Every structure is written in structure tokens, then in C-alpha cells.
Amino acid sequence: MVWRLMASLKKTLRDTSIRHKLLLSYIVLISFPLVFLVTISWRKISHGLRENMYGIVLNAIEQSASFLEYKLEYITNIADLIMLDSNLQQILTRDYGTYHKDYMQQSVDAHSLYDYFKSFEDNNDIFMVRLYVRDGLTYSNVPPYFLNMKTAAENAWFQEVLTPGRKYEWFPSSYFSPGANPNKEQVVALLRRVIDQNNYRNTVGVLRVDIRENTLTDIIKKANITDLGLTYLQNSRGELITSFGNPALIQLARQNRFLDRDSTEKEWKVVRIDHQQFLTVYQTIDRTDWKLVTLIPYSAILNVGREIRNFMWIIMSVAVIIAYFTAFYLSHLGVSQISALGAMMNKVRDGDLKVELPVKSNDEIGQLTKNFNYMVKQMAVMIEEKFIMGKKMKNLELKALQAQINPHFLYNSLDMINWTAVINGIPEIETMVQALAKFYKISLSKGREFIFIREEIEHVLAYITIQNLRFDNQIKLHLQIDEDIYDYKIIKIVLQPIVENAILHGILKKKKKKGTITITGRLDHDQIILTVTDDGIGMDEVKLKNLLAAGNNSRGYGLKNINSRLKLNYGPQYGLAFNSKPGKGTTVTVTLPAML
């Protein structure tokens, strides 16, 4: 039964038109995988979002805790430094019997301590340094820098500071009145007993170092990655030091309902409070009784996943609709072009070679149509091309014959002119004819494509000789060529066009119409470097950039021709390079392989 059904389906598909086959294949191959992909992707993304958020929060809380520990350790070190200050020790351990009556000394000591404490306020981390001193001194109750230790001792929390064995105690801003601070700043205070260095059992004062609560808030807020969450510092008494985030969660945090006694540090815990789930994690701050706690409503994580899921389903629905109409259009477009191409092929089969099908696209069918039109045209013009090719071959044979005759005629003519100049005593003509003869002799080189660099330099010398006869010795030529490279070979007529370009478009464009050309040559490993430098008018960046792109009617055509010949014969890594500045001249560098 199944096999019959499969066979029937196969036959139906085979007999279905190409258009419907394409349409069905598009729908099946796009819609089904897209639904599967969206479903799997959403699950993976949802899981990945949770894991990613866990990792981000753990990393953020570790960094914030590390920075907090650094800040607090810095403050405790400052407190130790102040407590051990020799001047402070000397003042606080003075004999009370005589000291409390010596008002002058007390005034001096108060100013000294004030200046000393004030110096620490330049530090951005320290808001204020205060000192609780013995009762009965003139400065024992002069806030904000000096406070009465006896009055403060009435508070239970201050008694904890005075308890032997307690070295440091941190207290939140709720313990202190903002009115006692400049600008009513909320502060968190470190309190430390000042012990008589000569009698460790004797407490001579209590040092208090205040830091702004905002300083701690700015650190912990980096651990709060969502506006719906809350990050806070809490001490062992359940008091909030500072917090940042959702204000609605602060009251729950004050009730200490997020810290489970069995919780493991740096481990996520799911806490259910008032029918709402929270993810919470904490880390203990070293050298304090503080814990840095971060909590995130579980709904915030799920909301992100739901938004992504809904967005993906919307995108998938839109994609399926677009895919259907696109498939319908493409199937119709493709089949119509194939049908038209088949009709044209039938005409060609019947002998009509003048057909041409319009190309409506650049896809495979469009390329097939182009190739069809091209083949038909090629078949129509083949006979005419063969006729034209025959004529060109005849012309080439004629030019080859002329090339064999013309050099001999040219040499004989120049030789006759030379002897005529000698007989009539005209040395200028003799010099020009000899230079011209050498110029053309090297140019022709008996049909050789490659000549020695020595011959190439002689070719340039002959050209300069002719030009100096023409321009009254306005051109000077300097040669700085290593003799080792003279016997290496080069494509003929490379340097002469460069020199010609330097004269016509560089030197003769100057006001004085005179200048110097320097040709250098050296062997660099397996390459030969030749340079032609002139002191002409030079070129700007635009002209220099367009030099090798010049057409047949521009000054750069000869240079473009040389560059093309060098690359064609030696490879793309060889050729010409240019360096020029307006008013400074131009340098052309020729790079070619060292060939003997």
C-alpha cells in the first residue's frame, strides 16, 4: 500500500509542470526548515540568555567586590597610618591632669590635628577624617572634626568600637546625622580605636574615617545589569550599607529575606517571596562583615526570552509569506524564459539564423540566453571573419617584407648623408647622422627583443646627442651605473621613452628650458633597479596617479606602453614606479629581473 502511494506520488510529481514543481519545492524547502529552525533556535537562545545573564552577573559582582575590597583596604591603611602618627600619639597621650588646664597647648594641638586631618580630604576616596577625644578638653566637642568620646559612648554601636579585640568597625549612614556633614552628605564610616602605643590596654581616642555613600553606590551599581533588579551591601546586623536598583525591592532586602543561611557564596539561588521568584547571589567582602548581594526577578529573564520568541515567530511568518510570493514570481519568470528560449531554438533548427532573444535577467537563464544569441551571431558572421582574417594575414606578410628592406635602406641613406657632411666639413650634420644611425641601429637590433643594458644606455646617449643638437646643449646627462650590470639584458627601448618624456614634459616646460637627467643603475639581489631622475617641473598627486592610466592621446601613453611590456615579459611584480613633486622634478624607477 505504501509503495503504491509512493509510486503514484512520484508519477504525479514527474508529470507536473516545472512551474508547479519549483513552487512546491520552494515552499517545502523554506517553510518547514524555517519552522524547525525557529523552534530549536528559541530554545537554545532562551537557555543561552539565562546562562549568559548568570555569567555576566557573576563576573560583574566579582569585579565590584574586588574593587570594593581594594577601596576599603585603602581606607583601613589610611586609618592605620593616622593612628600610628607620632604627633597624634603625643597629643592623645598627654597627661590629663595638666593638659586639660593648658588651653594654649590644647588650641595648638587642635589646629595641628585639624591641618593633619584636612590634608586627607584632597583624596577623592576620603570625605572626612574625625577624632573622638576625651571629655573635658576645649576641642572635645567641636564638630565636625572633633567629637566627644564620652557622649558617643552612650550609643550601643559605639560601645562595640570600644570593645577590646575589635580593630575596625564599619557603620552605615543611618548611624549618623547628615546635618553634621558639609552639604549634608550621606557617609559610611570606619571607626578604629586609637591605642596608647606605650599601654595597649589604654584607649586614648577613636578615629573615624568617612567615605561618601555615593562612592560605594557607584561601585556596586555596575553589578546591577537590569532596572528590575537590585544590588546592595548588607552587614552582619542585616543593615543596608547602600543599594542601587529597583526601589520596590529595598524593603524586602532590609528584611534580610534574600540571604539563605545555607546559601553558598557565588552560587545562584532561586528564592520565592510573596509568590514571586528571584535569582540571588552574594559575595562576602574581605576584612568586613559586609555581603554584596545581587537579585534579579526571574520574570525579567523570562520576558527577554518571550520577546525574542515572539519576534522570531513574527519574522518567520513574514518570511514564509514573502517566500511564497517570491517563489510564485520566480517560478513564473523562469519557466516563461525557458519557454521563449525553446521556441527560438526551434527556429534555428529550421535554418533561421537571424533570430535574437531579448535578455531579461543576468541569472543562469539569462546567461544561457546570452550564449544562445552569441552562438547564432557567431554562426552568421563566421564566413566574413575568415575573409577578413585572410586579408590581415596578407597585410602582415607585406609589413614583414618591408621590415626586412627598410633597415638596409635607412642605413645606406644615413651613411651617404654622413660622408656628404664629412666631405663638406659640416661636423654638426656628421654628429647628428652618426647619433641617428646608432639610435636606429639599436632600435632595430636586427629584430632582437632583448638587448644588453650597455646598448640601452648607448641608445639613450644617441638620443640625448640628437636632442642637444636640436636644443643647443640644454640637456645634461649624468650616468651613475654600476659596471657589473652592463652585461645584463633588458627589453629594448625602455629608458629612451622615459628620458624623452622627462625632456618634453619636464625640462622644456621650465622657463629656462634647460636641465639635468640622472640615470642610476644597480644590482639588488636578483633584481636590477634603474632610475631616471629629472629636475623638471614635476607633477602633482592627481597627474601622477593617472599617469599609467593615460590614453593614446596623452603624454603617458609611452610610459604605459613600457610598463605593459615589462609586466608582459617579466611578470606583474616588475614595471615602473613614479615619484614626483611640483617644482622639484620626477623620478621613474624601472624594476626588472637580472637576466644574462
# chains A, B, ... in the order shown; residues from 1 in each chain; ligands from 1

call {"tool": "residues_around", "arguments": {"residues": "segment 145-156 of chain A", "least_positions_apart": "4", "cutoff": "8 Å", "atoms": "only C-alpha atoms", "output": "PyMOL selection string"}}
result
chain A and resi 114+117+128-135+139-141+160+205-206

call {"tool": "residues_around", "arguments": {"residues": "Asn473 of chain A", "least_positions_apart": "3", "cutoff": "12 Å", "atoms": "only C-alpha atoms", "output": "ChimeraX atom specification"}}
result
/A:464-470,476-477,513-516

call {"tool": "residues_around", "arguments": {"residues": "segment 489-505 of chain A", "least_positions_apart": "6", "cutoff": "7 Å", "atoms": "only C-alpha atoms", "output": "list of chain:residue names"}}
result
A:Ser443, A:Glu449, A:Phe450, A:Ile451, A:Phe452, A:Ile453, A:Glu456, A:His459, A:Val460, A:Asp534, A:Gly558, A:Leu559, A:Ile562, A:Met595, A:Leu596

call {"tool": "closest_residue", "arguments": {"among": "A:Asn124, A:Thr138, A:Ser41, A:Thr533", "to": "His111 of chain A", "atoms": "only C-alpha atoms"}}
result
A:Thr138

call {"tool": "residues_around", "arguments": {"residues": "segment 341-356 of chain A", "least_positions_apart": "5", "cutoff": "12 Å", "atoms": "only C-alpha atoms", "output": "PDB file with all heavy atoms, in the first residue's frame"}}
result
ATOM      1  N   GLY A 334      11.044  32.190 -14.473  1.00  0.00           N
ATOM      2  CA  GLY A 334      11.984  31.223 -15.034  1.00  0.00           C
ATOM      3  C   GLY A 334      11.384  30.374 -16.125  1.00  0.00           C
ATOM      4  O   GLY A 334      11.984  30.165 -17.191  1.00  0.00           O
ATOM      5  N   VAL A 335      10.165  29.870 -15.906  1.00  0.00           N
ATOM      6  CA  VAL A 335       9.532  28.993 -16.895  1.00  0.00           C
ATOM      7  C   VAL A 335       9.225  29.761 -18.173  1.00  0.00           C
ATOM      8  O   VAL A 335       9.379  29.241 -19.291  1.00  0.00           O
ATOM      9  CB  VAL A 335       8.258  28.371 -16.289  1.00  0.00           C
ATOM     10  CG1 VAL A 335       7.451  27.645 -17.361  1.00  0.00           C
ATOM     11  CG2 VAL A 335       8.630  27.413 -15.178  1.00  0.00           C
ATOM     12  N   SER A 336       8.803  31.034 -18.062  1.00  0.00           N
ATOM     13  CA  SER A 336       8.473  31.810 -19.264  1.00  0.00           C
ATOM     14  C   SER A 336       9.715  32.042 -20.120  1.00  0.00           C
ATOM     15  O   SER A 336       9.652  31.966 -21.355  1.00  0.00           O
ATOM     16  CB  SER A 336       7.851  33.150 -18.867  1.00  0.00           C
ATOM     17  OG  SER A 336       8.768  33.919 -18.098  1.00  0.00           O
ATOM     18  N   ILE A 365      19.577  31.507 -16.534  1.00  0.00           N
ATOM     19  CA  ILE A 365      18.747  31.522 -17.754  1.00  0.00           C
ATOM     20  C   ILE A 365      19.145  32.697 -18.633  1.00  0.00           C
ATOM     21  O   ILE A 365      19.207  32.587 -19.866  1.00  0.00           O
ATOM     22  CB  ILE A 365      17.251  31.585 -17.373  1.00  0.00           C
ATOM     23  CG1 ILE A 365      16.860  30.323 -16.600  1.00  0.00           C
ATOM     24  CG2 ILE A 365      16.384  31.730 -18.617  1.00  0.00           C
ATOM     25  CD1 ILE A 365      15.421  30.318 -16.128  1.00  0.00           C
ATOM     26  N   GLY A 366      19.431  33.848 -18.005  1.00  0.00           N
ATOM     27  CA  GLY A 366      19.902  34.992 -18.774  1.00  0.00           C
ATOM     28  C   GLY A 366      21.223  34.714 -19.458  1.00  0.00           C
ATOM     29  O   GLY A 366      21.435  35.088 -20.619  1.00  0.00           O
ATOM     30  N   GLN A 367      22.152  34.054 -18.719  1.00  0.00           N
ATOM     31  CA  GLN A 367      23.429  33.686 -19.324  1.00  0.00           C
ATOM     32  C   GLN A 367      23.235  32.699 -20.468  1.00  0.00           C
ATOM     33  O   GLN A 367      23.902  32.770 -21.504  1.00  0.00           O
ATOM     34  CB  GLN A 367      24.349  33.079 -18.249  1.00  0.00           C
ATOM     35  CG  GLN A 367      24.782  34.051 -17.163  1.00  0.00           C
ATOM     36  CD  GLN A 367      25.607  35.201 -17.705  1.00  0.00           C
ATOM     37  OE1 GLN A 367      26.413  35.034 -18.628  1.00  0.00           O
ATOM     38  NE2 GLN A 367      25.404  36.386 -17.145  1.00  0.00           N
ATOM     39  N   LEU A 368      22.313  31.756 -20.290  1.00  0.00           N
ATOM     40  CA  LEU A 368      22.014  30.801 -21.363  1.00  0.00           C
ATOM     41  C   LEU A 368      21.467  31.514 -22.586  1.00  0.00           C
ATOM     42  O   LEU A 368      21.823  31.201 -23.731  1.00  0.00           O
ATOM     43  CB  LEU A 368      21.004  29.769 -20.835  1.00  0.00           C
ATOM     44  CG  LEU A 368      20.644  28.623 -21.785  1.00  0.00           C
ATOM     45  CD1 LEU A 368      21.873  27.793 -22.113  1.00  0.00           C
ATOM     46  CD2 LEU A 368      19.554  27.748 -21.172  1.00  0.00           C
ATOM     47  N   THR A 369      20.620  32.521 -22.356  1.00  0.00           N
ATOM     48  CA  THR A 369      20.072  33.298 -23.474  1.00  0.00           C
ATOM     49  C   THR A 369      21.173  34.081 -24.184  1.00  0.00           C
ATOM     50  O   THR A 369      21.218  34.145 -25.416  1.00  0.00           O
ATOM     51  CB  THR A 369      18.994  34.265 -22.956  1.00  0.00           C
ATOM     52  OG1 THR A 369      17.992  33.527 -22.261  1.00  0.00           O
ATOM     53  CG2 THR A 369      18.351  35.031 -24.096  1.00  0.00           C
ATOM     54  N   LYS A 370      22.076  34.689 -23.388  1.00  0.00           N
ATOM     55  CA  LYS A 370      23.197  35.413 -23.998  1.00  0.00           C
ATOM     56  C   LYS A 370      24.060  34.485 -24.850  1.00  0.00           C
ATOM     57  O   LYS A 370      24.459  34.842 -25.969  1.00  0.00           O
ATOM     58  CB  LYS A 370      24.049  36.052 -22.902  1.00  0.00           C
ATOM     59  CG  LYS A 370      23.402  37.232 -22.205  1.00  0.00           C
ATOM     60  CD  LYS A 370      24.344  37.803 -21.150  1.00  0.00           C
ATOM     61  CE  LYS A 370      23.703  38.951 -20.394  1.00  0.00           C
ATOM     62  NZ  LYS A 370      24.606  39.489 -19.343  1.00  0.00           N
ATOM     63  N   ASN A 371      24.357  33.320 -24.307  1.00  0.00           N
ATOM     64  CA  ASN A 371      25.181  32.362 -25.054  1.00  0.00           C
ATOM     65  C   ASN A 371      24.483  31.893 -26.328  1.00  0.00           C
ATOM     66  O   ASN A 371      25.125  31.694 -27.367  1.00  0.00           O
ATOM     67  CB  ASN A 371      25.520  31.156 -24.175  1.00  0.00           C
ATOM     68  CG  ASN A 371      26.453  31.531 -23.042  1.00  0.00           C
ATOM     69  OD1 ASN A 371      27.215  32.493 -23.145  1.00  0.00           O
ATOM     70  ND2 ASN A 371      26.388  30.809 -21.937  1.00  0.00           N
ATOM     71  N   PHE A 372      23.170  31.722 -26.241  1.00  0.00           N
ATOM     72  CA  PHE A 372      22.406  31.330 -27.436  1.00  0.00           C
ATOM     73  C   PHE A 372      22.510  32.402 -28.514  1.00  0.00           C
ATOM     74  O   PHE A 372      22.777  32.115 -29.693  1.00  0.00           O
ATOM     75  CB  PHE A 372      20.956  31.073 -27.038  1.00  0.00           C
ATOM     76  CG  PHE A 372      20.030  30.882 -28.204  1.00  0.00           C
ATOM     77  CD1 PHE A 372      19.995  29.681 -28.886  1.00  0.00           C
ATOM     78  CD2 PHE A 372      19.212  31.924 -28.636  1.00  0.00           C
ATOM     79  CE1 PHE A 372      19.157  29.504 -29.974  1.00  0.00           C
ATOM     80  CE2 PHE A 372      18.363  31.748 -29.715  1.00  0.00           C
ATOM     81  CZ  PHE A 372      18.332  30.536 -30.395  1.00  0.00           C
ATOM     82  N   ASN A 373      22.255  33.673 -28.119  1.00  0.00           N
ATOM     83  CA  ASN A 373      22.348  34.775 -29.088  1.00  0.00           C
ATOM     84  C   ASN A 373      23.752  34.886 -29.659  1.00  0.00           C
ATOM     85  O   ASN A 373      23.934  35.145 -30.855  1.00  0.00           O
ATOM     86  CB  ASN A 373      21.957  36.091 -28.419  1.00  0.00           C
ATOM     87  CG  ASN A 373      20.481  36.147 -28.047  1.00  0.00           C
ATOM     88  OD1 ASN A 373      19.661  35.465 -28.651  1.00  0.00           O
ATOM     89  ND2 ASN A 373      20.144  36.961 -27.052  1.00  0.00           N
ATOM     90  N   TYR A 374      24.765  34.669 -28.779  1.00  0.00           N
ATOM     91  CA  TYR A 374      26.152  34.764 -29.231  1.00  0.00           C
ATOM     92  C   TYR A 374      26.471  33.679 -30.252  1.00  0.00           C
ATOM     93  O   TYR A 374      27.099  33.939 -31.295  1.00  0.00           O
ATOM     94  CB  TYR A 374      27.084  34.653 -28.022  1.00  0.00           C
ATOM     95  CG  TYR A 374      28.551  34.632 -28.383  1.00  0.00           C
ATOM     96  CD1 TYR A 374      29.212  35.799 -28.710  1.00  0.00           C
ATOM     97  CD2 TYR A 374      29.258  33.429 -28.405  1.00  0.00           C
ATOM     98  CE1 TYR A 374      30.546  35.781 -29.064  1.00  0.00           C
ATOM     99  CE2 TYR A 374      30.590  33.402 -28.744  1.00  0.00           C
ATOM    100  CZ  TYR A 374      31.231  34.583 -29.088  1.00  0.00           C
ATOM    101  OH  TYR A 374      32.551  34.558 -29.417  1.00  0.00           O
ATOM    102  N   MET A 375      26.038  32.458 -29.993  1.00  0.00           N
ATOM    103  CA  MET A 375      26.329  31.359 -30.921  1.00  0.00           C
ATOM    104  C   MET A 375      25.675  31.587 -32.273  1.00  0.00           C
ATOM    105  O   MET A 375      26.264  31.330 -33.331  1.00  0.00           O
ATOM    106  CB  MET A 375      25.867  30.040 -30.316  1.00  0.00           C
ATOM    107  CG  MET A 375      26.748  29.538 -29.183  1.00  0.00           C
ATOM    108  SD  MET A 375      26.350  27.857 -28.660  1.00  0.00           S
ATOM    109  CE  MET A 375      24.678  28.094 -28.081  1.00  0.00           C
ATOM    110  N   VAL A 376      24.440  32.095 -32.240  1.00  0.00           N
ATOM    111  CA  VAL A 376      23.751  32.352 -33.505  1.00  0.00           C
ATOM    112  C   VAL A 376      24.486  33.426 -34.299  1.00  0.00           C
ATOM    113  O   VAL A 376      24.681  33.316 -35.521  1.00  0.00           O
ATOM    114  CB  VAL A 376      22.287  32.755 -33.242  1.00  0.00           C
ATOM    115  CG1 VAL A 376      21.610  33.197 -34.539  1.00  0.00           C
ATOM    116  CG2 VAL A 376      21.523  31.595 -32.630  1.00  0.00           C
ATOM    117  N   LYS A 377      24.921  34.495 -33.613  1.00  0.00           N
ATOM    118  CA  LYS A 377      25.660  35.556 -34.302  1.00  0.00           C
ATOM    119  C   LYS A 377      26.976  35.050 -34.841  1.00  0.00           C
ATOM    120  O   LYS A 377      27.401  35.410 -35.948  1.00  0.00           O
ATOM    121  CB  LYS A 377      25.894  36.724 -33.352  1.00  0.00           C
ATOM    122  CG  LYS A 377      24.634  37.511 -33.015  1.00  0.00           C
ATOM    123  CD  LYS A 377      24.945  38.645 -32.057  1.00  0.00           C
ATOM    124  CE  LYS A 377      23.690  39.422 -31.704  1.00  0.00           C
ATOM    125  NZ  LYS A 377      23.989  40.531 -30.739  1.00  0.00           N
ATOM    126  N   GLN A 378      27.667  34.212 -34.026  1.00  0.00           N
ATOM    127  CA  GLN A 378      28.948  33.670 -34.468  1.00  0.00           C
ATOM    128  C   GLN A 378      28.786  32.825 -35.729  1.00  0.00           C
ATOM    129  O   GLN A 378      29.618  32.877 -36.641  1.00  0.00           O
ATOM    130  CB  GLN A 378      29.575  32.826 -33.364  1.00  0.00           C
ATOM    131  CG  GLN A 378      30.102  33.637 -32.197  1.00  0.00           C
ATOM    132  CD  GLN A 378      31.240  34.558 -32.611  1.00  0.00           C
ATOM    133  OE1 GLN A 378      31.044  35.758 -32.800  1.00  0.00           O
ATOM    134  NE2 GLN A 378      32.419  34.001 -32.776  1.00  0.00           N
ATOM    135  N   MET A 379      27.746  32.053 -35.767  1.00  0.00           N
ATOM    136  CA  MET A 379      27.491  31.230 -36.958  1.00  0.00           C
ATOM    137  C   MET A 379      27.228  32.107 -38.176  1.00  0.00           C
ATOM    138  O   MET A 379      27.647  31.792 -39.295  1.00  0.00           O
ATOM    139  CB  MET A 379      26.296  30.313 -36.699  1.00  0.00           C
ATOM    140  CG  MET A 379      26.568  29.236 -35.656  1.00  0.00           C
ATOM    141  SD  MET A 379      25.093  28.320 -35.170  1.00  0.00           S
ATOM    142  CE  MET A 379      24.665  27.565 -36.746  1.00  0.00           C
ATOM    143  N   ALA A 380      26.557  33.259 -37.974  1.00  0.00           N
ATOM    144  CA  ALA A 380      26.195  34.123 -39.101  1.00  0.00           C
ATOM    145  C   ALA A 380      27.381  34.875 -39.671  1.00  0.00           C
ATOM    146  O   ALA A 380      27.423  35.193 -40.867  1.00  0.00           O
ATOM    147  CB  ALA A 380      25.125  35.106 -38.661  1.00  0.00           C
ATOM    148  N   VAL A 381      28.386  35.203 -38.803  1.00  0.00           N
ATOM    149  CA  VAL A 381      29.492  36.048 -39.276  1.00  0.00           C
ATOM    150  C   VAL A 381      30.769  35.245 -39.497  1.00  0.00           C
ATOM    151  O   VAL A 381      31.813  35.831 -39.789  1.00  0.00           O
ATOM    152  CB  VAL A 381      29.769  37.170 -38.258  1.00  0.00           C
ATOM    153  CG1 VAL A 381      28.546  38.025 -38.060  1.00  0.00           C
ATOM    154  CG2 VAL A 381      30.243  36.605 -36.930  1.00  0.00           C
TER     155      VAL A 381
END

call {"tool": "residues_around", "arguments": {"residues": "Val38 of chain A", "least_positions_apart": "6", "cutoff": "9 Å", "atoms": "only C-alpha atoms", "output": "count of residues only"}}
result
4

call {"tool": "closest_residue", "arguments": {"among": "A:Val209, A:Ala223, A:Arg193, A:Ile27", "to": "Gln283 of chain A", "atoms": "only C-alpha atoms"}}
result
A:Ala223

call {"tool": "residues_around", "arguments": {"residues": "Gln186 of chain A", "least_positions_apart": "4", "cutoff": "6 Å", "atoms": "only C-alpha atoms", "output": "ChimeraX atom specification"}}
result
/A:173,178,213

call {"tool": "write_last_selection", "arguments": {"atoms": "all heavy atoms", "output": "CSV table (one decimal), in the first residue's frame"}}
result
chain,number,residue,atom,x,y,z
A,173,SER,N,25.3,54.9,56.9
A,173,SER,CA,25.0,56.3,57.1
A,173,SER,C,23.8,56.5,58.0
A,173,SER,O,23.6,57.6,58.6
A,173,SER,CB,24.6,56.9,55.7
A,173,SER,OG,23.5,56.2,55.1
A,178,PRO,N,23.0,63.5,58.9
A,178,PRO,CA,23.6,64.2,57.7
A,178,PRO,C,23.9,65.6,58.0
A,178,PRO,O,24.7,66.3,57.4
A,178,PRO,CB,22.5,64.0,56.6
A,178,PRO,CG,21.6,62.9,57.1
A,178,PRO,CD,21.7,62.9,58.6
A,213,GLU,N,28.8,57.8,50.8
A,213,GLU,CA,28.0,56.6,50.4
A,213,GLU,C,27.9,56.4,48.9
A,213,GLU,O,27.9,55.3,48.3
A,213,GLU,CB,26.6,56.7,51.0
A,213,GLU,CG,25.7,55.5,50.7
A,213,GLU,CD,24.3,55.6,51.4
A,213,GLU,OE1,24.2,56.3,52.4
A,213,GLU,OE2,23.4,55.0,50.8

call {"tool": "select_by_dssp", "arguments": {"residues": "segment 101-247 of chain A", "states": "alpha helix (DSSP H)", "output": "PyMOL selection string"}}
result
chain A and resi 103-118+149-152+156-162+213-220

call {"tool": "residues_around", "arguments": {"residues": "Tyr74 of chain A", "least_positions_apart": "3", "cutoff": "12 Å", "atoms": "only C-alpha atoms", "output": "list in words"}}
result
Phe67, Leu68, Glu69, Tyr70, Lys71, Asn77, Ile78, Ala79, Asp80, Leu81, Asn123, Asn124, Asp125, Ile126, Leu190, Val209, Ile211 and Arg287 of chain A

call {"tool": "write_last_selection", "arguments": {"atoms": "C-alpha atoms", "output": "mmCIF file, in the first residue's frame"}}
result
data_model
loop_
_atom_site.group_PDB
_atom_site.id
_atom_site.type_symbol
_atom_site.label_atom_id
_atom_site.label_comp_id
_atom_site.auth_asym_id
_atom_site.auth_seq_id
_atom_site.Cartn_x
_atom_site.Cartn_y
_atom_site.Cartn_z
ATOM 1 C CA PHE A 67 37.071 46.895 43.648
ATOM 2 C CA LEU A 68 35.235 47.354 46.943
ATOM 3 C CA GLU A 69 37.871 45.324 48.761
ATOM 4 C CA TYR A 70 40.576 47.447 47.179
ATOM 5 C CA LYS A 71 38.852 50.680 48.235
ATOM 6 C CA ASN A 77 45.559 51.524 55.563
ATOM 7 C CA ILE A 78 44.963 55.270 55.836
ATOM 8 C CA ALA A 79 43.381 54.736 59.251
ATOM 9 C CA ASP A 80 46.427 52.725 60.389
ATOM 10 C CA LEU A 81 48.729 55.430 59.098
ATOM 11 C CA ASN A 123 41.868 62.337 48.313
ATOM 12 C CA ASN A 124 38.742 61.550 46.291
ATOM 13 C CA ASP A 125 38.088 58.406 48.343
ATOM 14 C CA ILE A 126 38.066 60.102 51.756
ATOM 15 C CA LEU A 190 35.229 53.339 59.500
ATOM 16 C CA VAL A 209 37.275 57.980 58.528
ATOM 17 C CA ILE A 211 33.667 57.973 52.831
ATOM 18 C CA ARG A 287 38.024 42.394 56.153
#

call {"tool": "atom_distance", "arguments": {"atom1": "atom CA of Asp218 of chain A", "atom2": "atom CA of Thr284 of chain A"}}
result
18.1 Å

call {"tool": "atom_distance", "arguments": {"atom1": "atom CA of Met539 of chain A", "atom2": "atom CA of Thr589 of chain A"}}
result
15.5 Å

call {"tool": "select_by_dssp", "arguments": {"residues": "segment 515-564 of chain A", "states": "strand (DSSP E or B)", "output": "list in words"}}
result
Gly515, Thr516, Ile517, Thr518, Ile519, Thr520, Gly521, Arg522, Leu523, Asp524, Gln527, Ile528, Ile529, Leu530, Thr531, Val532, Thr533 and Asp534 of chain A

call {"tool": "closest_residue", "arguments": {"among": "A:Ala319, A:Ile225, A:Leu191, A:Val542", "to": "Asn246 of chain A", "atoms": "only C-alpha atoms"}}
result
A:Ile225

call {"tool": "closest_residue", "arguments": {"among": "A:Ser107, A:Gln434, A:Thr231, A:Gln474", "to": "Thr294 of chain A", "atoms": "only C-alpha atoms"}}
result
A:Thr231

call {"tool": "atom_distance", "arguments": {"atom1": "atom CA of Ile537 of chain A", "atom2": "atom CA of Gly506 of chain A"}}
result
5.1 Å

call {"tool": "closest_residue", "arguments": {"among": "A:Leu162, A:Lys118, A:Lys511, A:Thr587", "to": "Val204 of chain A", "atoms": "only C-alpha atoms"}}
result
A:Leu162
